[in-house]
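query.txt, holding compact mmCIF, C-alpha atoms:
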# COMPACT_ATOMS: atom_id res chain seq x y z
CA VAL F 390 41.96 -19.43 66.63
CA VAL F 391 40.80 -16.44 68.70
CA LEU F 392 39.58 -13.43 66.72
CA ASP F 393 39.83 -9.93 68.02
CA PRO F 394 36.20 -8.62 68.11
CA SER F 395 37.46 -5.10 67.28
CA LEU F 396 38.68 -6.28 63.87
CA PRO F 397 36.30 -6.52 60.82
CA PRO F 398 35.36 -10.07 59.78
CA PRO F 399 37.36 -11.59 56.91
CA ARG F 400 35.88 -11.33 53.41
CA PRO F 401 34.48 -14.61 52.09
CA HIS F 402 36.66 -16.40 49.57
CA HIS F 403 35.41 -17.44 46.13
CA PRO F 404 35.01 -21.23 46.35
CA LEU F 405 37.45 -21.81 43.49
CA ILE F 406 39.60 -18.70 43.10
CA GLY F 407 40.04 -17.22 46.55
CA PRO F 408 39.83 -13.68 47.88
CA ASP F 409 38.25 -10.98 45.72
CA GLN F 410 41.52 -9.19 45.11
CA ASP F 411 42.95 -12.40 43.63
CA ARG F 412 40.17 -12.68 41.02
CA PRO F 413 40.72 -11.73 37.38
CA ALA F 414 39.44 -8.29 36.48
CA SER F 415 36.61 -9.78 34.37
CA LEU F 416 35.25 -11.74 37.33
CA ARG F 417 35.64 -8.83 39.77
CA SER F 418 33.68 -6.52 37.50
CA ALA F 419 31.01 -9.15 36.92
CA ALA F 420 30.54 -9.59 40.68
CA ARG F 421 29.88 -5.90 41.27
CA PRO F 422 26.39 -4.48 40.76
CA ALA F 423 25.94 -2.45 37.58
CA SER F 424 26.32 1.28 38.03
CA PRO F 425 23.45 3.67 37.27
CA SER F 426 25.37 4.95 34.24
CA ARG F 427 25.50 1.43 32.80
CA HIS F 428 21.74 1.06 33.28
CA LYS F 429 21.25 4.35 31.47
CA MET F 430 23.44 3.23 28.57
CA ALA F 431 21.57 -0.08 28.30
CA SER F 432 18.18 1.60 28.28
CA SER F 433 19.28 4.12 25.66
CA SER F 434 20.67 1.40 23.39
CA ALA F 435 17.44 -0.59 23.78
CA SER F 436 15.36 2.42 22.81
CA ALA F 437 17.62 3.08 19.82
CA SER F 438 17.21 -0.50 18.62
CA ALA F 439 13.43 -0.20 18.91
CA GLY F 440 13.43 1.75 15.63
CA PRO F 441 10.97 4.34 14.33
CA PRO F 442 7.56 4.58 16.07
CA MET F 443 4.46 2.98 14.60
CA TRP F 444 2.97 6.20 13.16
CA THR F 445 5.95 6.59 10.83
CA LYS F 446 4.85 3.45 8.94
CA PHE F 447 1.71 5.29 7.80
CA VAL F 448 3.67 8.45 6.91
CA VAL F 449 6.12 6.42 4.81
CA SER F 450 3.24 4.61 3.11
CA GLY F 451 1.49 7.85 2.13
CA LEU F 452 4.66 9.55 0.89
CA ALA F 453 5.71 6.48 -1.09
CA GLY F 454 2.27 6.19 -2.66
CA VAL F 455 2.20 9.82 -3.81
CA SER F 456 5.83 9.74 -4.99
CA GLY F 457 5.25 6.66 -7.13
CA TRP F 458 1.91 7.89 -8.47
CA MET F 459 3.12 11.14 -10.03
CA PHE F 460 4.86 9.18 -12.80
CA VAL F 461 1.92 6.95 -13.75
CA HIS F 462 -1.23 9.10 -13.48
CA PRO F 463 -1.62 9.54 -17.29
CA PHE F 464 -1.70 5.74 -17.66
CA ASP F 465 -4.48 5.55 -15.07
CA VAL F 466 -6.55 8.12 -16.98
CA LEU F 467 -5.96 6.12 -20.17
CA LYS F 468 -6.95 2.90 -18.43
CA VAL F 469 -10.22 4.37 -17.10
CA ARG F 470 -11.17 5.89 -20.47
CA MET F 471 -10.59 2.54 -22.21
CA GLN F 472 -12.60 0.64 -19.58
CA VAL F 473 -15.69 2.86 -19.76
CA SER F 474 -15.63 2.79 -23.55
CA GLU F 475 -17.97 0.10 -24.89
CA THR F 476 -16.32 0.19 -28.31
CA LYS F 477 -12.94 -1.30 -29.13
CA VAL F 478 -10.21 1.30 -29.09
CA SER F 479 -6.44 0.96 -28.84
CA ALA F 480 -4.31 2.72 -26.25
CA VAL F 481 -2.72 4.87 -28.97
CA GLY F 482 -6.13 5.74 -30.37
CA MET F 483 -7.42 6.74 -26.93
CA ILE F 484 -4.35 8.91 -26.28
CA GLY F 485 -4.99 10.71 -29.58
CA LYS F 486 -8.65 11.16 -28.67
CA ILE F 487 -7.83 12.62 -25.25
CA TYR F 488 -5.18 14.94 -26.68
CA SER F 489 -7.39 16.22 -29.49
CA LYS F 490 -10.28 17.04 -27.14
CA GLU F 491 -8.53 18.10 -23.93
CA GLY F 492 -4.83 18.52 -24.64
CA ILE F 493 -2.07 17.48 -22.22
CA PRO F 494 -4.14 18.48 -19.12
CA GLY F 495 -6.62 15.75 -20.10
CA LEU F 496 -4.00 13.13 -19.22
CA TYR F 497 -3.93 14.53 -15.69
CA SER F 498 -7.69 14.60 -15.16
CA GLY F 499 -8.57 13.86 -11.54
CA LEU F 500 -5.03 14.35 -10.22
CA SER F 501 -6.30 15.91 -6.97
CA ALA F 502 -8.49 12.87 -6.37
CA ALA F 503 -5.60 10.52 -7.21
CA VAL F 504 -3.26 12.22 -4.74
CA THR F 505 -5.99 12.17 -2.07
CA ARG F 506 -6.47 8.47 -2.79
CA GLN F 507 -2.77 7.80 -2.19
CA LEU F 508 -2.82 9.81 1.05
CA THR F 509 -5.80 7.80 2.32
CA TYR F 510 -6.09 4.38 0.70
CA THR F 511 -2.40 3.64 0.16
CA THR F 512 -1.48 5.10 3.55
CA LEU F 513 -3.96 2.79 5.25
CA ARG F 514 -3.31 -0.43 3.38
CA LEU F 515 0.51 -0.27 3.42
CA GLY F 516 0.59 1.05 6.97
CA LEU F 517 -1.81 -1.61 8.26
CA TYR F 518 0.12 -4.35 6.43
CA ASP F 519 3.40 -3.32 8.08
CA VAL F 520 1.83 -3.01 11.53
CA ILE F 521 0.01 -6.38 11.37
CA ARG F 522 3.04 -8.13 9.86
CA GLU F 523 5.30 -6.76 12.57
CA LYS F 524 2.95 -8.04 15.28
CA ILE F 525 2.91 -11.51 13.71
CA SER F 526 6.70 -11.66 13.28
CA ALA F 527 7.21 -10.53 16.89
CA GLY F 528 5.47 -13.70 18.05
CA ASN F 529 7.79 -15.89 15.97
CA ALA F 530 11.15 -16.86 17.45
CA LYS F 531 12.87 -16.50 14.05
CA GLY F 532 10.94 -13.36 13.13
CA GLU F 533 9.62 -15.08 9.99
CA VAL F 534 6.06 -14.85 8.63
CA PRO F 535 4.62 -17.76 6.59
CA PHE F 536 3.40 -16.88 3.09
CA ALA F 537 -0.19 -17.82 3.99
CA LEU F 538 -0.17 -15.27 6.82
CA LYS F 539 1.29 -12.65 4.48
CA LEU F 540 -1.65 -13.24 2.14
CA ALA F 541 -4.13 -12.97 5.02
CA THR F 542 -2.46 -9.78 6.25
CA GLY F 543 -2.64 -8.22 2.79
CA LEU F 544 -6.30 -9.18 2.43
CA THR F 545 -7.23 -7.66 5.78
CA ALA F 546 -5.31 -4.42 5.16
CA GLY F 547 -6.66 -4.01 1.62
CA ALA F 548 -10.31 -4.71 2.44
CA THR F 549 -10.27 -2.34 5.42
CA ALA F 550 -8.66 0.51 3.48
CA ALA F 551 -10.93 0.04 0.44
CA THR F 552 -14.10 0.20 2.53
CA ILE F 553 -13.07 3.40 4.30
CA CYS F 554 -11.79 5.14 1.15
CA CYS F 555 -14.56 4.21 -1.32
CA PRO F 556 -15.85 7.85 -1.61
CA VAL F 557 -12.42 8.94 -2.83
CA GLU F 558 -12.43 6.09 -5.37
CA VAL F 559 -15.86 7.05 -6.72
CA SER F 560 -14.79 10.69 -7.11
CA LEU F 561 -11.54 9.70 -8.85
CA VAL F 562 -13.24 7.45 -11.41
CA ARG F 563 -15.88 10.06 -12.25
CA MET F 564 -13.37 12.86 -12.65
CA GLN F 565 -11.14 10.77 -14.91
CA ALA F 566 -13.98 9.42 -17.06
CA ASP F 567 -15.80 12.76 -17.43
CA GLY F 568 -13.93 13.82 -20.57
CA ASN F 569 -15.11 10.66 -22.33
CA ARG F 570 -18.75 11.79 -22.16
CA PRO F 571 -20.60 14.14 -24.51
CA VAL F 572 -20.22 17.76 -23.40
CA ALA F 573 -23.86 17.98 -22.34
CA ASP F 574 -23.53 14.91 -20.07
CA ARG F 575 -20.30 15.88 -18.31
CA ARG F 576 -20.37 16.43 -14.57
CA ASN F 577 -17.50 18.97 -14.57
CA TYR F 578 -16.36 18.48 -10.98
CA LYS F 579 -13.87 21.18 -9.94
CA HIS F 580 -11.87 19.03 -7.54
CA ILE F 581 -12.29 15.98 -5.32
CA PHE F 582 -14.08 17.81 -2.50
CA ASP F 583 -16.50 19.36 -4.98
CA ALA F 584 -17.09 15.89 -6.42
CA MET F 585 -17.83 14.31 -3.03
CA TYR F 586 -20.10 17.21 -2.03
CA ARG F 587 -22.07 17.15 -5.28
CA VAL F 588 -22.40 13.38 -5.36
CA SER F 589 -23.77 13.30 -1.81
CA SER F 590 -26.10 16.30 -2.32
CA GLU F 591 -27.36 15.39 -5.82
CA GLU F 592 -27.48 11.59 -5.61
CA GLY F 593 -27.40 10.80 -1.88
CA VAL F 594 -24.58 9.97 0.52
CA THR F 595 -24.83 6.26 -0.19
CA THR F 596 -23.78 6.92 -3.81
CA LEU F 597 -20.29 7.62 -2.45
CA TRP F 598 -20.18 3.90 -1.65
CA ARG F 599 -21.59 2.79 -5.01
CA GLY F 600 -19.58 -0.18 -6.22
CA VAL F 601 -18.18 -0.76 -2.72
CA ALA F 602 -18.32 -4.55 -3.23
CA PRO F 603 -16.00 -4.67 -6.28
CA THR F 604 -13.91 -1.92 -4.69
CA VAL F 605 -13.37 -4.03 -1.57
CA PHE F 606 -12.84 -7.21 -3.60
CA ARG F 607 -10.31 -5.44 -5.79
CA GLY F 608 -8.62 -3.84 -2.77
CA ALA F 609 -8.34 -7.22 -1.07
CA VAL F 610 -6.98 -8.88 -4.23
CA VAL F 611 -4.55 -6.02 -4.93
CA SER F 612 -3.15 -5.92 -1.40
CA THR F 613 -3.07 -9.71 -1.09
CA THR F 614 -1.16 -10.15 -4.35
CA GLN F 615 0.85 -6.92 -4.41
CA LEU F 616 2.02 -6.67 -0.79
CA ALA F 617 2.35 -10.37 -0.01
CA THR F 618 4.01 -11.16 -3.36
CA TYR F 619 6.55 -8.35 -2.94
CA ASP F 620 7.29 -9.50 0.60
CA GLN F 621 7.67 -13.14 -0.49
CA ALA F 622 9.72 -12.27 -3.59
CA LYS F 623 12.20 -10.38 -1.41
CA THR F 624 12.42 -13.33 0.98
CA VAL F 625 13.02 -15.85 -1.83
CA LEU F 626 15.53 -13.71 -3.74
CA LEU F 627 17.49 -12.95 -0.58
CA GLY F 628 17.38 -16.54 0.66
CA SER F 629 18.56 -17.95 -2.68
CA GLY F 630 21.50 -15.56 -2.79
CA VAL F 631 20.49 -14.26 -6.21
CA LEU F 632 20.36 -10.68 -4.94
CA SER F 633 21.46 -8.88 -1.81
CA GLU F 634 19.65 -6.08 0.01
CA GLY F 635 19.53 -2.97 -2.16
CA VAL F 636 17.76 -1.19 -5.00
CA ALA F 637 18.20 -4.12 -7.44
CA LEU F 638 16.35 -6.40 -5.00
CA HIS F 639 13.57 -3.85 -4.54
CA LEU F 640 13.18 -3.36 -8.31
CA SER F 641 13.07 -7.09 -9.05
CA SER F 642 10.63 -7.89 -6.25
CA SER F 643 8.31 -5.01 -7.15
CA LEU F 644 8.29 -5.99 -10.87
CA ILE F 645 7.19 -9.54 -9.96
CA SER F 646 4.60 -8.13 -7.59
CA GLY F 647 3.28 -5.64 -10.13
CA PHE F 648 2.67 -8.23 -12.86
CA VAL F 649 0.90 -10.70 -10.55
CA TYR F 650 -1.35 -8.06 -9.05
CA CYS F 651 -2.27 -6.48 -12.43
CA PHE F 652 -3.26 -9.78 -14.01
CA THR F 653 -5.40 -10.91 -11.08
CA SER F 654 -7.07 -7.60 -10.28
CA LEU F 655 -7.91 -6.14 -13.72
CA PRO F 656 -11.28 -7.95 -14.18
CA LEU F 657 -12.46 -6.62 -10.81
CA ASP F 658 -11.10 -3.18 -11.62
CA ILE F 659 -13.13 -3.08 -14.86
CA CYS F 660 -16.31 -4.07 -12.99
CA LYS F 661 -15.61 -1.44 -10.33
CA THR F 662 -15.03 1.27 -12.94
CA ARG F 663 -18.19 0.41 -14.89
CA MET F 664 -20.33 0.37 -11.74
CA GLN F 665 -18.97 3.64 -10.36
CA ASP F 666 -19.29 5.53 -13.64
CA GLN F 667 -22.69 4.16 -14.74
CA LYS F 668 -25.83 6.25 -15.23
CA PRO F 669 -29.45 5.03 -15.22
CA ASP F 670 -30.96 4.25 -18.63
CA ALA F 671 -34.23 5.72 -19.96
CA SER F 672 -36.23 3.41 -17.70
CA GLY F 673 -34.24 4.44 -14.64
CA LYS F 674 -32.37 1.13 -14.30
CA LEU F 675 -28.62 0.84 -13.79
CA PRO F 676 -26.75 -1.42 -16.26
CA TYR F 677 -24.78 -3.23 -13.53
CA LYS F 678 -26.32 -4.30 -10.23
CA SER F 679 -23.48 -6.31 -8.66
CA VAL F 680 -19.89 -7.29 -9.30
CA PHE F 681 -20.90 -10.87 -10.11
CA GLN F 682 -23.48 -9.70 -12.66
CA ALA F 683 -20.85 -7.40 -14.22
CA LEU F 684 -18.33 -10.27 -14.40
CA VAL F 685 -20.90 -12.27 -16.39
CA LYS F 686 -22.49 -9.46 -18.45
CA ILE F 687 -19.30 -7.84 -19.73
CA PRO F 688 -17.73 -10.98 -21.31
CA ARG F 689 -21.14 -12.11 -22.60
CA GLN F 690 -21.69 -8.84 -24.46
CA GLU F 691 -18.09 -7.93 -25.33
CA GLY F 692 -16.09 -11.17 -25.13
CA VAL F 693 -13.92 -12.71 -22.38
CA LEU F 694 -10.91 -10.56 -23.22
CA ALA F 695 -12.99 -7.48 -22.37
CA LEU F 696 -12.23 -8.29 -18.71
CA TRP F 697 -8.58 -7.52 -19.50
CA LYS F 698 -9.31 -4.51 -21.69
CA GLY F 699 -6.61 -1.89 -21.29
CA PHE F 700 -4.07 -4.31 -19.76
CA GLY F 701 -1.17 -2.38 -21.33
CA PRO F 702 -1.91 0.96 -19.69
CA TYR F 703 -3.15 -0.86 -16.57
CA PHE F 704 0.21 -2.62 -16.20
CA ALA F 705 2.09 0.58 -17.02
CA ARG F 706 0.05 2.26 -14.31
CA GLY F 707 -0.14 -0.62 -11.78
CA GLY F 708 3.29 -2.11 -12.40
CA GLY F 709 4.91 1.31 -12.64
CA HIS F 710 3.28 2.49 -9.45
CA THR F 711 4.18 -0.74 -7.66
CA ILE F 712 7.84 -0.33 -8.58
CA GLY F 713 7.92 3.37 -7.70
CA MET F 714 5.96 2.93 -4.49
CA PHE F 715 8.10 0.12 -3.07
CA VAL F 716 11.43 1.67 -4.14
CA PHE F 717 10.46 5.01 -2.56
CA ALA F 718 9.11 3.23 0.54
CA GLU F 719 12.37 1.32 1.06
CA GLN F 720 14.40 4.52 0.72
CA TYR F 721 12.15 6.44 3.12
CA LYS F 722 12.37 3.57 5.62
CA LYS F 723 16.17 3.63 5.35
CA ILE F 724 16.24 7.38 6.04
CA LEU F 725 13.97 6.97 9.08
CA ASN F 726 16.00 4.06 10.43
CA ASP F 727 19.18 6.14 10.12
CA ILE F 728 17.51 9.05 11.96
CA TYR F 729 16.16 6.94 14.84
CA SER F 730 19.35 4.90 15.22
CA LYS F 731 21.39 8.01 16.06
Could the structure of this file be written out as structure tokens, please?
Amino acid sequence: VVLDPSLPPPRPHHPLIGPDQDRPASLRSAARPASPSRHKMASSSASASAGPPMWTKFVVSGLAGVSGWMFVHPFDVLKVRMQVSETKVSAVGMIGKIYSKEGIPGLYSGLSAAVTRQLTYTTLRLGLYDVIREKISAGNAKGEVPFALKLATGLTAGATAATICCPVEVSLVRMQADGNRPVADRRNYKHIFDAMYRVSSEEGVTTLWRGVAPTVFRGAVVSTTQLATYDQAKTVLLGSGVLSEGVALHLSSSLISGFVYCFTSLPLDICKTRMQDQKPDASGKLPYKSVFQALVKIPRQEGVLALWKGFGPYFARGGGHTIGMFVFAEQYKKILNDIYSK
């Protein structure tokens, strides 16, 4: 066969189907290079699926912490007053005592410090937990995180946040416990910044980190049990088919989480409160020197159950805040996901 050199060469046939015009439309389109518009659509869909940026995790954590706290602050004041009291007093009796001396505002003592604590401590520990957990799950083909790693993630996030935010914790405890002292011994801090300034100027900057050991231990225990237990409870309840994704799942998981964390963390919380609120005796010595000494001294002098003194208000505060915090956090996450998916 002689080909005319002026004619274009024949197009190569597909080895099985034949010339390009004989191919099915699906194969012809697959053979062509993707157009720039298709690349643009693919990149935009990829960016949409990436979800909210990392900084939003910390914003959600702070907002959820404050939102949940506003309902339980009076229980926290009640818990602190019962813990610093070395005499046996019931929750009802303490409420009556606070009301008779300070009125309703007494139940909201230290609110500025509590809100600041949520905007710092809770923001850090929840935000860090989400960030670290996401990094771990990204390295897993199924996107799953073992329970042991959830515990380790919670411990790391809680200990880090507690160390950084200890000055806020010291100020909060002192402001809440102040009304329990005789009038002549009260510190009368105006607000959290006044408390931190006066503590550092009157007692030294290091006093802002007084009780840092039990604070960090408690923070690690709280975050390990609260965050990891909530995460695991959701996984188990979803996997078993008992509940589907929604508010009922969030409420159930947070209730389980709240009880576990309150029971395990209360002894450390009592030691932390006693150490942060203590004053030197007549000889200039502090009653509690370390968390381990406090864990031994308190039950020896007041009985073992003294380590769980105020469990009712502590659970109302801790369990209530856990439920509120996680429910609000899930709703805020849903709103952000809807915004960034558009």
Contact residues around F:Leu655 with only C-alpha atoms at 10 Å, ignoring same-chain residues under 2 positions, as a list in words: Arg607, Val610, Val611, Tyr650, Cys651, Phe652, Thr653, Leu657, Asp658, Ile659, Cys660, Lys661, Leu696, Trp697, Lys698, Gly699, Phe700, Tyr703, Phe704 and Gly707 of chain F
For the residues in that selection, give me C-alpha atoms as a PDB file, keeping the file's coordinate frame.
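Output (selection17.pdb):
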ATOM      1  CA  ARG F 607     -10.310  -5.440  -5.790  1.00  0.00           C
ATOM      2  CA  VAL F 610      -6.980  -8.880  -4.230  1.00  0.00           C
ATOM      3  CA  VAL F 611      -4.550  -6.020  -4.930  1.00  0.00           C
ATOM      4  CA  TYR F 650      -1.350  -8.060  -9.050  1.00  0.00           C
ATOM      5  CA  CYS F 651      -2.270  -6.480 -12.430  1.00  0.00           C
ATOM      6  CA  PHE F 652      -3.260  -9.780 -14.010  1.00  0.00           C
ATOM      7  CA  THR F 653      -5.400 -10.910 -11.080  1.00  0.00           C
ATOM      8  CA  LEU F 657     -12.460  -6.620 -10.810  1.00  0.00           C
ATOM      9  CA  ASP F 658     -11.100  -3.180 -11.620  1.00  0.00           C
ATOM     10  CA  ILE F 659     -13.130  -3.080 -14.860  1.00  0.00           C
ATOM     11  CA  CYS F 660     -16.310  -4.070 -12.990  1.00  0.00           C
ATOM     12  CA  LYS F 661     -15.610  -1.440 -10.330  1.00  0.00           C
ATOM     13  CA  LEU F 696     -12.230  -8.290 -18.710  1.00  0.00           C
ATOM     14  CA  TRP F 697      -8.580  -7.520 -19.500  1.00  0.00           C
ATOM     15  CA  LYS F 698      -9.310  -4.510 -21.690  1.00  0.00           C
ATOM     16  CA  GLY F 699      -6.610  -1.890 -21.290  1.00  0.00           C
ATOM     17  CA  PHE F 700      -4.070  -4.310 -19.760  1.00  0.00           C
ATOM     18  CA  TYR F 703      -3.150  -0.860 -16.570  1.00  0.00           C
ATOM     19  CA  PHE F 704       0.210  -2.620 -16.200  1.00  0.00           C
ATOM     20  CA  GLY F 707      -0.140  -0.620 -11.780  1.00  0.00           C
TER      21      GLY F 707
END
Surrounding residues of stretch 449-457 of chain F excluding itself and chain neighbours under 4 positions, 9 Å, all atoms listed in the file, as a PyMOL selection string: chain F and resi 444-445+461+503-516+709-719+721-722+725
Residues just named, written with C-alpha atoms as a PDB file, keeping the file's coordinate frame:
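That gives us again-v1.pdb:
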ATOM      1  CA  TRP F 444       2.970   6.200  13.160  1.00  0.00           C
ATOM      2  CA  THR F 445       5.950   6.590  10.830  1.00  0.00           C
ATOM      3  CA  VAL F 461       1.920   6.950 -13.750  1.00  0.00           C
ATOM      4  CA  ALA F 503      -5.600  10.520  -7.210  1.00  0.00           C
ATOM      5  CA  VAL F 504      -3.260  12.220  -4.740  1.00  0.00           C
ATOM      6  CA  THR F 505      -5.990  12.170  -2.070  1.00  0.00           C
ATOM      7  CA  ARG F 506      -6.470   8.470  -2.790  1.00  0.00           C
ATOM      8  CA  GLN F 507      -2.770   7.800  -2.190  1.00  0.00           C
ATOM      9  CA  LEU F 508      -2.820   9.810   1.050  1.00  0.00           C
ATOM     10  CA  THR F 509      -5.800   7.800   2.320  1.00  0.00           C
ATOM     11  CA  TYR F 510      -6.090   4.380   0.700  1.00  0.00           C
ATOM     12  CA  THR F 511      -2.400   3.640   0.160  1.00  0.00           C
ATOM     13  CA  THR F 512      -1.480   5.100   3.550  1.00  0.00           C
ATOM     14  CA  LEU F 513      -3.960   2.790   5.250  1.00  0.00           C
ATOM     15  CA  ARG F 514      -3.310  -0.430   3.380  1.00  0.00           C
ATOM     16  CA  LEU F 515       0.510  -0.270   3.420  1.00  0.00           C
ATOM     17  CA  GLY F 516       0.590   1.050   6.970  1.00  0.00           C
ATOM     18  CA  GLY F 709       4.910   1.310 -12.640  1.00  0.00           C
ATOM     19  CA  HIS F 710       3.280   2.490  -9.450  1.00  0.00           C
ATOM     20  CA  THR F 711       4.180  -0.740  -7.660  1.00  0.00           C
ATOM     21  CA  ILE F 712       7.840  -0.330  -8.580  1.00  0.00           C
ATOM     22  CA  GLY F 713       7.920   3.370  -7.700  1.00  0.00           C
ATOM     23  CA  MET F 714       5.960   2.930  -4.490  1.00  0.00           C
ATOM     24  CA  PHE F 715       8.100   0.120  -3.070  1.00  0.00           C
ATOM     25  CA  VAL F 716      11.430   1.670  -4.140  1.00  0.00           C
ATOM     26  CA  PHE F 717      10.460   5.010  -2.560  1.00  0.00           C
ATOM     27  CA  ALA F 718       9.110   3.230   0.540  1.00  0.00           C
ATOM     28  CA  GLU F 719      12.370   1.320   1.060  1.00  0.00           C
ATOM     29  CA  TYR F 721      12.150   6.440   3.120  1.00  0.00           C
ATOM     30  CA  LYS F 722      12.370   3.570   5.620  1.00  0.00           C
ATOM     31  CA  LEU F 725      13.970   6.970   9.080  1.00  0.00           C
TER      32      LEU F 725
END
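Across the structure, atom CA of F:Ala695 and atom CA of F:Ser479 are spaced 12.5 Å apart.
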All residues 12 Å or closer to F:Lys678, all atoms listed in the file, same chain fewer than 6 positions away omitted, as a PyMOL selection string: chain F and resi 599-603+660-661+663-665+667-669+684-686
Cut-off 10 Å around (-3.6, 7.0, -15.1) with only C-alpha atoms: residues as a ChimeraX atom specification: /F:458-470,496-500,503,565,702-703,705-707,710
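Between atom CA of F:Leu538 and atom CA of F:Leu644 lies a distance of 21.7 Å.
Remark: for F:Lys446, the closest of the candidate residues F:Ser474, F:Tyr518, F:Tyr677, F:Ile493 is F:Tyr518 (distances computed over all atoms listed in the file).
Note that atom CA of F:Ala546 and atom CA of F:Leu517 are 5.5 Å apart.
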Shell around stretch 580-595 of chain F at 6 Å using all atoms listed in the file, local window under 2 positions removed, as a list of chain:residue names: F:Ala502, F:Ser560, F:Tyr578, F:Leu597, F:Trp598
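The list of residues with at least one atom within 12 Å of F:Glu523, based on all atoms listed in the file and without residues fewer than 3 positions apart in the same chain, reads Met443, Lys446, Gly516, Leu517, Tyr518, Asp519, Val520, Ser526, Ala527, Gly528, Asn529, Gly532, Glu533, Val534, Leu538, Lys539 and Thr542 of chain F.
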